[in-house]
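Have a look at target.txt below; it lists compact mmCIF, C-alpha atoms and all ligand atoms.
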```txt
# COMPACT_ATOMS: atom_id res chain seq x y z
CA MET A 1 98.41 103.33 96.89
CA SER A 2 99.62 103.23 93.29
CA GLN A 3 101.72 106.38 92.76
CA ASP A 4 100.20 107.15 89.37
CA LEU A 5 96.58 107.04 90.56
CA VAL A 6 94.41 109.34 92.61
CA TYR A 7 91.87 106.89 93.98
CA LEU A 8 88.64 108.60 95.03
CA ASP A 9 86.23 105.67 94.84
CA TYR A 10 86.18 104.46 98.45
CA ALA A 11 82.40 103.92 98.29
CA ALA A 12 83.03 101.16 95.72
CA THR A 13 85.82 99.56 97.75
CA THR A 14 88.63 100.66 100.03
CA PRO A 15 92.27 99.58 99.90
CA ILE A 16 93.06 97.03 102.64
CA ASP A 17 94.87 98.41 105.67
CA LEU A 18 98.40 96.96 105.81
CA ARG A 19 97.87 95.85 109.41
CA VAL A 20 94.91 93.80 108.16
CA VAL A 21 97.04 92.26 105.40
CA GLU A 22 99.65 91.22 107.94
CA ALA A 23 97.12 89.44 110.13
CA MET A 24 95.65 87.69 107.08
CA GLN A 25 99.05 86.53 105.84
CA GLU A 26 99.74 84.81 109.14
CA CYS A 27 96.63 82.67 108.62
CA LEU A 28 97.30 81.47 105.13
CA THR A 29 100.39 79.35 105.50
CA GLY A 30 101.18 75.96 107.06
CA ASP A 31 102.32 77.39 110.38
CA GLY A 32 99.21 79.57 110.66
CA ALA A 33 95.51 78.92 111.32
CA PHE A 34 94.86 77.50 107.86
CA ALA A 35 92.74 74.54 109.01
CA ASN A 36 89.01 74.08 108.57
CA PRO A 37 87.36 75.54 111.69
CA ALA A 38 84.71 72.80 111.52
CA SER A 39 87.33 70.04 112.00
CA ILE A 40 87.48 68.63 115.50
CA HIS A 41 91.27 68.10 115.60
CA ILE A 42 93.62 70.57 117.28
CA ALA A 43 94.36 72.51 114.08
CA GLY A 44 90.63 72.91 113.43
CA ARG A 45 89.94 74.00 116.99
CA ARG A 46 92.70 76.61 116.71
CA ALA A 47 91.16 77.98 113.54
CA ALA A 48 87.72 78.00 115.21
CA ALA A 49 89.12 79.98 118.15
CA ILE A 50 90.54 82.55 115.72
CA VAL A 51 87.17 82.83 113.96
CA ASP A 52 85.53 83.40 117.34
CA SER A 53 87.90 86.15 118.33
CA ALA A 54 87.33 87.92 114.99
CA ARG A 55 83.60 87.65 115.65
CA GLU A 56 84.21 89.29 119.03
CA GLN A 57 86.14 92.12 117.40
CA LEU A 58 83.28 92.80 114.98
CA ALA A 59 80.73 92.52 117.80
CA GLU A 60 82.63 95.07 119.81
CA LEU A 61 82.56 97.57 116.95
CA LEU A 62 78.77 97.18 116.77
CA ASP A 63 78.14 96.83 120.50
CA ALA A 64 76.37 93.54 119.74
CA ARG A 65 76.69 90.04 121.17
CA PRO A 66 79.12 87.98 119.04
CA GLU A 67 76.71 85.05 118.73
CA ARG A 68 74.25 87.35 116.90
CA LEU A 69 76.65 87.71 113.92
CA ILE A 70 76.64 85.34 110.93
CA TRP A 71 79.62 85.45 108.55
CA THR A 72 78.66 85.80 104.88
CA SER A 73 80.49 86.67 101.66
CA GLY A 74 79.54 90.36 101.90
CA ALA A 75 76.64 92.78 102.09
CA THR A 76 75.00 91.38 98.95
CA GLU A 77 74.65 87.96 100.52
CA SER A 78 73.66 89.44 103.89
CA ASP A 79 70.92 91.48 102.21
CA ASN A 80 69.62 88.42 100.37
CA LEU A 81 69.69 86.28 103.51
CA ALA A 82 68.07 88.92 105.70
CA ILE A 83 65.27 89.87 103.32
CA ARG A 84 64.43 86.53 101.76
CA GLY A 85 65.15 84.71 105.01
CA ALA A 86 62.84 86.92 107.10
CA ALA A 87 60.13 87.21 104.43
CA THR A 88 59.86 83.44 104.03
CA ALA A 89 60.08 82.77 107.77
CA ARG A 90 57.12 85.10 108.36
CA ALA A 91 55.12 84.43 105.18
CA HIS A 92 52.44 82.52 107.12
CA ARG A 93 51.62 85.75 108.99
CA GLY A 94 51.46 88.00 105.92
CA LYS A 95 53.23 88.72 102.67
CA HIS A 96 53.51 92.50 102.61
CA LEU A 97 57.00 94.06 102.58
CA ILE A 98 58.20 97.68 102.47
CA THR A 99 61.38 99.22 101.04
CA MET A 100 62.57 102.20 98.95
CA PRO A 101 63.57 102.54 95.29
CA THR A 102 66.82 104.23 96.41
CA GLU A 103 68.20 101.02 97.94
CA HIS A 104 71.30 99.23 96.68
CA LYS A 105 70.52 96.62 94.01
CA ALA A 106 71.30 93.83 96.47
CA VAL A 107 68.21 94.92 98.41
CA ALA A 108 65.99 96.21 95.60
CA ASP A 109 66.48 93.19 93.35
CA THR A 110 65.84 90.78 96.24
CA PHE A 111 62.47 92.50 96.80
CA ARG A 112 61.76 92.37 93.05
CA ALA A 113 62.44 88.63 93.09
CA LEU A 114 60.11 88.17 96.08
CA ALA A 115 57.42 90.20 94.31
CA ARG A 116 57.57 87.72 91.42
CA GLU A 117 57.14 84.92 93.95
CA GLY A 118 53.89 86.19 95.40
CA PHE A 119 54.94 88.79 97.98
CA GLU A 120 53.55 92.30 97.78
CA VAL A 121 56.16 95.08 97.95
CA THR A 122 55.46 98.75 98.68
CA TRP A 123 58.17 101.12 97.40
CA LEU A 124 58.27 104.35 99.42
CA SER A 125 59.87 107.30 97.64
CA PRO A 126 62.14 109.62 99.60
CA ASP A 127 61.49 113.34 100.01
CA ASP A 128 63.47 115.89 97.95
CA ASN A 129 66.44 115.46 100.27
CA GLY A 130 66.56 111.69 99.85
CA LEU A 131 65.08 110.98 103.29
CA LEU A 132 62.22 108.67 104.22
CA SER A 133 59.40 110.39 106.08
CA THR A 134 58.29 108.35 109.10
CA GLU A 135 54.69 109.53 108.54
CA LEU A 136 54.76 108.01 105.08
CA LEU A 137 56.14 104.78 106.53
CA ALA A 138 53.54 104.76 109.34
CA ASP A 139 50.76 105.03 106.75
CA ALA A 140 52.23 102.24 104.62
CA ILE A 141 52.46 99.66 107.42
CA ARG A 142 49.47 97.29 107.48
CA ASP A 143 48.44 94.30 109.54
CA GLU A 144 50.03 91.96 106.97
CA THR A 145 53.34 93.87 106.83
CA GLN A 146 56.25 91.71 108.00
CA LEU A 147 59.46 93.49 107.03
CA VAL A 148 60.77 97.00 106.32
CA SER A 149 64.21 97.47 104.74
CA VAL A 150 65.83 100.93 104.62
CA MET A 151 69.56 101.48 104.17
CA HIS A 152 71.63 103.49 106.63
CA VAL A 153 73.96 105.50 104.32
CA ASN A 154 73.20 105.71 100.61
CA ASN A 155 76.09 104.51 98.46
CA GLU A 156 75.57 107.13 95.73
CA THR A 157 74.85 110.30 97.67
CA GLY A 158 75.96 109.56 101.24
CA VAL A 159 72.48 110.51 102.56
CA ILE A 160 72.03 109.13 106.09
CA GLN A 161 68.59 107.80 107.03
CA ASP A 162 67.31 108.09 110.59
CA ILE A 163 67.38 104.34 111.22
CA CYS A 164 66.68 104.89 114.91
CA ALA A 165 63.30 106.56 114.25
CA ILE A 166 62.45 104.07 111.48
CA GLY A 167 63.36 101.13 113.71
CA GLU A 168 61.30 102.45 116.62
CA LEU A 169 58.28 102.85 114.39
CA CYS A 170 58.69 99.30 113.07
CA ARG A 171 59.01 97.89 116.59
CA SER A 172 55.91 99.74 117.77
CA ARG A 173 53.97 98.16 114.89
CA GLY A 174 55.41 94.65 115.29
CA VAL A 175 57.29 94.70 111.97
CA LEU A 176 60.88 93.52 111.48
CA PHE A 177 63.40 96.16 110.44
CA HIS A 178 66.42 95.42 108.23
CA THR A 179 69.09 97.96 107.31
CA ASP A 180 71.89 97.71 104.75
CA ALA A 181 74.73 99.37 106.66
CA ALA A 182 77.51 98.58 104.16
CA GLN A 183 78.40 102.28 103.84
CA SER A 184 78.19 103.17 107.53
CA VAL A 185 79.74 100.36 109.59
CA GLY A 186 83.27 101.32 110.58
CA LYS A 187 82.71 104.93 109.52
CA LEU A 188 79.76 106.21 111.56
CA GLU A 189 78.67 105.04 114.98
CA VAL A 190 76.46 101.93 114.69
CA ASP A 191 75.53 100.92 118.21
CA LEU A 192 73.22 97.92 118.16
CA ARG A 193 72.69 97.95 121.91
CA ASN A 194 70.69 101.16 121.44
CA LEU A 195 69.50 100.99 117.84
CA PRO A 196 66.14 99.23 117.31
CA VAL A 197 67.44 97.24 114.35
CA ASP A 198 66.51 93.56 113.84
CA LEU A 199 68.72 92.71 110.88
CA LEU A 200 71.83 94.55 109.68
CA SER A 201 74.09 93.85 106.68
CA LEU A 202 77.73 94.84 106.43
CA THR A 203 80.81 94.11 104.32
CA ALA A 204 84.48 94.38 105.34
CA HIS A 205 85.89 95.87 102.13
CA LYS A 206 84.07 99.15 102.71
CA PHE A 207 86.10 99.72 105.90
CA TYR A 208 89.64 98.68 104.89
CA GLY A 209 89.10 94.93 105.22
CA PRO A 210 89.28 92.30 102.45
CA GLN A 211 86.65 91.74 99.74
CA GLY A 212 84.50 88.63 99.98
CA ILE A 213 83.65 88.71 103.67
CA GLY A 214 80.72 90.33 105.45
CA ALA A 215 78.22 89.61 108.15
CA LEU A 216 74.55 89.65 108.98
CA TYR A 217 73.51 90.73 112.46
CA ILE A 218 70.31 89.10 113.72
CA ALA A 219 68.80 90.59 116.89
CA ASP A 220 68.11 88.30 119.82
CA ARG A 221 64.31 88.52 119.68
CA PRO A 222 61.95 85.59 119.18
CA GLN A 223 60.27 87.41 116.25
CA CYS A 224 63.60 87.64 114.51
CA SER A 225 63.83 84.23 112.89
CA VAL A 226 65.40 83.89 109.47
CA LEU A 227 65.32 80.88 107.14
CA PRO A 228 68.51 79.92 105.27
CA ILE A 229 68.87 80.56 101.55
CA MET A 230 71.69 78.03 101.09
CA PHE A 231 71.98 74.45 102.32
CA GLY A 232 74.92 72.18 102.95
CA GLY A 233 76.33 72.13 106.46
CA ALA A 234 75.97 73.15 110.08
CA GLN A 235 78.21 76.23 109.94
CA GLU A 236 76.92 79.57 111.22
CA LYS A 237 73.88 78.01 112.95
CA ARG A 238 72.96 76.35 109.63
CA LEU A 239 72.04 79.81 108.34
CA ARG A 240 75.14 80.05 106.18
CA PRO A 241 76.65 76.67 105.40
CA GLY A 242 80.08 76.33 103.80
CA THR A 243 83.71 76.23 104.97
CA LEU A 244 84.57 79.47 106.73
CA PRO A 245 87.36 81.50 105.04
CA VAL A 246 89.57 81.98 108.10
CA HIS A 247 91.97 84.53 106.57
CA LEU A 248 89.09 86.73 105.37
CA ILE A 249 87.38 86.50 108.74
CA VAL A 250 90.60 87.44 110.53
CA GLY A 251 90.92 90.39 108.15
CA ALA A 252 87.35 91.50 108.88
CA GLY A 253 88.00 91.24 112.62
CA VAL A 254 91.18 93.31 112.55
CA ALA A 255 89.55 95.87 110.22
CA ALA A 256 86.63 96.17 112.67
CA SER A 257 88.95 96.62 115.60
CA LEU A 258 90.97 99.32 113.79
CA ALA A 259 87.75 101.06 112.72
CA GLY A 260 86.62 101.16 116.34
CA ASP A 261 89.89 102.83 117.37
CA GLU A 262 90.19 105.22 114.43
CA ARG A 263 86.63 106.00 113.34
CA GLU A 264 86.44 109.46 114.92
CA VAL A 265 89.79 110.56 113.49
CA ASP A 266 88.89 109.19 110.04
CA LEU A 267 85.55 110.98 110.11
CA ALA A 268 87.16 114.34 110.90
CA HIS A 269 89.71 113.66 108.13
CA VAL A 270 87.12 112.96 105.42
CA ALA A 271 84.98 115.90 106.54
CA ALA A 272 87.93 118.26 106.07
CA LEU A 273 88.69 116.74 102.65
CA ARG A 274 85.05 117.02 101.59
CA ASP A 275 85.01 120.72 102.55
CA ARG A 276 88.24 121.30 100.63
CA LEU A 277 86.87 119.55 97.55
CA TRP A 278 83.59 121.45 97.65
CA ALA A 279 85.39 124.77 98.14
CA GLY A 280 87.48 123.99 95.05
CA ILE A 281 84.62 123.17 92.69
CA ALA A 282 81.53 125.01 94.02
CA ALA A 283 82.11 128.05 91.82
CA ILE A 284 81.92 126.06 88.56
CA PRO A 285 78.88 127.43 86.68
CA GLY A 286 75.91 125.04 86.60
CA LEU A 287 77.15 122.84 89.46
CA THR A 288 74.72 121.25 91.93
CA ARG A 289 75.39 119.17 94.96
CA ASN A 290 73.36 115.96 95.22
CA GLY A 291 72.37 115.55 98.87
CA ARG A 292 72.31 118.26 101.53
CA GLU A 293 75.54 118.55 103.46
CA ALA A 294 73.83 118.20 106.84
CA ASP A 295 72.18 114.91 105.78
CA CYS A 296 75.27 113.23 104.34
CA TYR A 297 78.18 111.06 105.43
CA PRO A 298 81.16 113.34 104.66
CA GLY A 299 83.25 110.69 102.85
CA ILE A 300 80.99 110.98 99.78
CA LEU A 301 80.41 114.07 97.64
CA ASN A 302 78.10 113.70 94.65
CA VAL A 303 77.77 116.57 92.16
CA SER A 304 76.02 117.21 88.87
CA VAL A 305 76.98 119.80 86.32
CA ALA A 306 74.78 121.21 83.57
CA GLY A 307 75.45 120.37 79.94
CA VAL A 308 78.03 117.62 80.42
CA GLU A 309 77.78 113.84 80.29
CA GLY A 310 79.20 111.95 83.29
CA GLU A 311 81.20 109.31 81.50
CA SER A 312 83.05 111.80 79.27
CA LEU A 313 83.75 113.83 82.39
CA LEU A 314 85.25 110.76 84.05
CA LEU A 315 87.49 109.93 81.11
CA GLY A 316 88.75 113.50 81.04
CA MET A 317 89.70 113.24 84.72
CA GLU A 318 92.10 110.33 84.46
CA PRO A 319 94.17 109.28 86.42
CA VAL A 320 91.70 110.45 89.07
CA CYS A 321 89.40 107.49 89.81
CA VAL A 322 85.84 108.54 90.63
CA ALA A 323 82.44 107.00 89.92
CA SER A 324 79.86 108.34 87.50
CA GLY A 325 76.62 108.62 89.48
CA SER A 326 76.76 105.13 90.83
CA ALA A 327 79.29 102.44 90.03
CA CYS A 328 76.44 99.98 89.89
CA ASN A 329 74.57 101.93 87.23
CA SER A 330 77.58 102.84 85.15
CA THR A 331 77.20 100.00 82.68
CA SER A 332 73.43 100.25 82.22
CA GLY A 333 73.57 103.79 80.82
CA GLU A 334 70.35 104.67 82.66
CA PRO A 335 70.27 107.80 84.79
CA SER A 336 70.52 106.97 88.47
CA TYR A 337 67.15 106.51 90.16
CA VAL A 338 68.69 107.70 93.43
CA LEU A 339 69.49 111.06 91.85
CA ARG A 340 66.16 111.22 90.02
CA SER A 341 64.49 110.86 93.41
CA LEU A 342 66.37 113.95 94.64
CA GLY A 343 64.47 115.84 91.96
CA ARG A 344 67.32 115.83 89.43
CA SER A 345 66.51 115.77 85.70
CA ASP A 346 67.73 112.85 83.57
CA ALA A 347 70.46 115.12 82.17
CA ASP A 348 71.62 116.20 85.63
CA ALA A 349 71.58 112.61 86.88
CA GLN A 350 73.61 111.58 83.84
CA SER A 351 76.27 114.21 84.59
CA ALA A 352 76.74 113.11 88.19
CA VAL A 353 80.17 112.32 89.56
CA ARG A 354 80.63 110.63 92.93
CA PHE A 355 83.82 111.51 94.75
CA SER A 356 84.43 109.23 97.75
CA PHE A 357 87.50 109.18 99.91
CA GLY A 358 88.96 107.84 103.11
CA LYS A 359 91.85 107.60 105.47
CA LEU A 360 94.60 107.30 102.85
CA THR A 361 93.36 110.29 100.83
CA THR A 362 95.58 113.37 101.04
CA GLU A 363 94.96 117.07 100.46
CA ASP A 364 97.15 116.75 97.35
CA ASP A 365 94.80 114.07 96.02
CA ILE A 366 91.87 116.41 96.52
CA ASP A 367 93.70 119.30 94.83
CA THR A 368 94.52 117.11 91.83
CA ALA A 369 90.88 116.03 91.66
CA ILE A 370 89.68 119.64 91.77
CA GLU A 371 92.01 120.63 88.96
CA ARG A 372 91.14 117.60 86.78
CA TYR A 373 87.42 117.98 87.37
CA ARG A 374 87.48 121.68 86.42
CA ARG A 375 89.53 121.01 83.32
CA SER A 376 87.36 118.11 82.28
CA VAL A 377 84.14 120.13 82.66
CA GLU A 378 85.64 122.92 80.53
CA HIS A 379 86.89 120.45 77.95
CA CYS A 380 83.54 118.62 77.71
CA ARG A 381 81.73 121.93 77.35
CA SER A 382 84.05 123.11 74.61
CA MET A 383 83.45 119.84 72.71
CA SER A 384 79.70 119.87 73.13
CA PRO A 385 77.77 121.32 70.18
CA VAL A 386 74.95 122.34 72.55
CA THR A 387 76.91 124.96 74.48
C1 LIG A 401 79.03 97.81 98.55
C2 LIG A 401 77.60 97.71 98.95
C3 LIG A 401 76.90 96.50 98.92
C4 LIG A 401 77.50 95.22 98.38
O1 LIG A 401 78.56 94.76 99.13
P1 LIG A 401 79.37 93.49 98.59
O2 LIG A 401 80.52 93.36 99.50
O3 LIG A 401 79.78 93.82 97.18
O4 LIG A 401 78.45 92.33 98.61
C5 LIG A 401 75.60 96.49 99.34
N1 LIG A 401 74.99 97.60 99.79
C6 LIG A 401 75.63 98.78 99.82
C7 LIG A 401 74.92 99.99 100.33
C8 LIG A 401 76.95 98.89 99.41
O5 LIG A 401 77.56 100.06 99.44
```

Just give me the structure as structure tokens.
Ligand SMILES: *Cc1c(COP(=O)(O)O)cnc(C)c1O
Amino acid sequence: MSQDLVYLDYAATTPIDLRVVEAMQECLTGDGAFANPASIHIAGRRAAAIVDSAREQLAELLDARPERLIWTSGATESDNLAIRGAATARAHRGKHLITMPTEHKAVADTFRALAREGFEVTWLSPDDNGLLSTELLADAIRDETQLVSVMHVNNETGVIQDICAIGELCRSRGVLFHTDAAQSVGKLEVDLRNLPVDLLSLTAHKFYGPQGIGALYIADRPQCSVLPIMFGGAQEKRLRPGTLPVHLIVGAGVAASLAGDEREVDLAHVAALRDRLWAGIAAIPGLTRNGREADCYPGILNVSVAGVEGESLLLGMEPVCVASGSACNSTSGEPSYVLRSLGRSDADAQSAVRFSFGKLTTEDDIDTAIERYRRSVEHCRSMSPVT
């Protein structure tokens, strides 16, 4: 990590593990597995074998069968493929779909696009803690409903949905269930042998792998057919044509394998850091925590503070790198809908700061963040004519 930075934005992307970099480097050069895995010559077959073993590593992390995983460019593409692919494959049976307004844009905007194309989308709001009530979902499912999409861990607040209960309900009603697990895979247990999930999206750069590589898991059930959204070749069962990026896939495989070995230790580490951070800032007047501790993945802490604007807060915290509310909303200037749904006012949502950390974060980093955050809040308040 850059010596001059305190990087606390792991929910946006994580630094690549050096062991992952090493494995990727070996692939890139002439004496490595640089060939096109679709080529039938020896070099191609070697590359294909390496792609297969990376798929096995990812499958092991998820307790899934390797042939149920499709490589994509990341969770955005996996979300698009899962949702559009399943909705169109099942459109002859019905065109009603269900999701939540608190989803990542890769999910929400795919549903919005489908709504413009003649599908009907029901948006279920979470309760005051950010959770989806299964009663509400049960009432929303109709005969024409084909797909429900609810994320596992929310990228802004860390709120964990009960995807097991949601998936069971969907199965009992004959509806497909997709979950965006970009924030949970490699960090929390995601065991697809036991979870009733039909489609699951993930991306390697949220668990110390490279950017630009992800996967879509498709359960081995006859109902679970997905139509492609891109066309061009026979790769990935024709669901995702295009030359496979071997070095990225190798990186994703090694990252998955390391996550499987180190997940428990990393989880305890981030939980201790989260507690330290909260202990250091909780006494600031006007501070609220966004998301109940018991409901949240401990690598994310999202807080609002009265009378201060998030972006000024962020600038005053440099060189500590955190996100204001959500990285994805930070250019639009609109208060985060995710925080609004937790009952926060526009002003509170606008003041939100998301701290997110991981295995390279130290106690010193947290202490620096505490000090900079406190100072920045005081500074912003002293500048503000309102207070
Ligand atoms: C990061 C993230 C994505 C997008 O992943 P990409 O790798 O950028 O495509 C989607 N959903 C959630 C919840 C995320 O956190």

Restricting the calculation to all atoms listed in the file, which member of A:Lys359, A:His96, A:Arg375, A:Lys105 is positioned closest to ligand LIG 401 (chain A)?
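Counting all atoms listed in the file, the residue closest to ligand LIG 401 (chain A) is A:Lys105.
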
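For the set A:Ala47, A:Val107, A:Cys380, A:Val21, the residue with the smallest atom-to-atom gap to ligand LIG 401 (chain A) is A:Val107, counting all atoms listed in the file.
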
Can you work out which residues are within 8 Å of ligand LIG 401 (chain A), considering all atoms listed in the file, and then hand them over as a PyMOL selection string?
chain A and resi 11-13+73-79+103-107+151-155+180-183+201-206+211-214

Can you pull out every residue within 7 Å of Thr102 (chain A), counting only C-alpha atoms, but drop anything in the same chain fewer than 2 positions away, and send it as a list in words?
Met100, His104, Tyr337 and Val338 of chain A

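The closest residue to Met24 (chain A), picked from A:Arg292, A:Ala306, A:Pro228, A:Pro245 and counting all atoms listed in the file, is A:Pro245.
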
Mind giving me the straight-line distance from CA of Pro37 (chain A) to CA of Ala49 (chain A) in Å, one decimal?
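Between CA of Pro37 (chain A) and CA of Ala49 (chain A) the gap is 8.0 Å.
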
So, with only C-alpha atoms as the atoms that count, which of A:Leu188, A:Val51, A:Ile229, A:Ala259 lies closest to Trp71 (chain A)?
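Between A:Leu188, A:Val51, A:Ile229, A:Ala259, the residue approaching Trp71 (chain A) most closely is A:Val51.
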
At a cut-off of 12 Å, using all atoms listed in the file, what residues contact Asn129 (chain A)? Leave out same-chain residues fewer than 6 positions from it and give the result as a ChimeraX atom specification.
/A:102,154,157-161,289-296,338-344

Find the residues of region 147-210 of chain A that sit at most 10 Å from region 83-94 of chain A; for each, write down the nearest two atoms and how far apart they are in Å, to one decimal. Count all atoms listed in the file. Sort by chain, then by number going up, and give it as a Markdown table.
```
| residue | atom | partner | partner_atom | distance |
| --- | --- | --- | --- | --- |
| A:Leu147 | CA | A:Ala87 | CA | 6.8 |
| A:Val148 | CA | A:Ile83 | CA | 8.9 |
| A:Ser149 | CA | A:Ile83 | CA | 7.8 |
| A:Leu176 | CA | A:Ala86 | CA | 8.2 |
| A:Phe177 | CA | A:Ile83 | CA | 9.7 |
| A:His178 | CA | A:Ile83 | CA | 7.5 |
| A:Thr179 | CA | A:Ile83 | CA | 9.8 |
| A:Leu199 | CA | A:Ile83 | CA | 8.8 |
```

Kindly indicate which residue among A:Ile163, A:Val246, A:Glu334, A:Val353 lies nearest to Ser312 (chain A), using only C-alpha atoms for the distances.
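Counting only C-alpha atoms, the residue closest to Ser312 (chain A) is A:Val353.
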
Computed interatomic separation between CA of Val270 (chain A) and CA of Phe357 (chain A) (Å):
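That distance, rounded to one decimal, is 6.7 Å.
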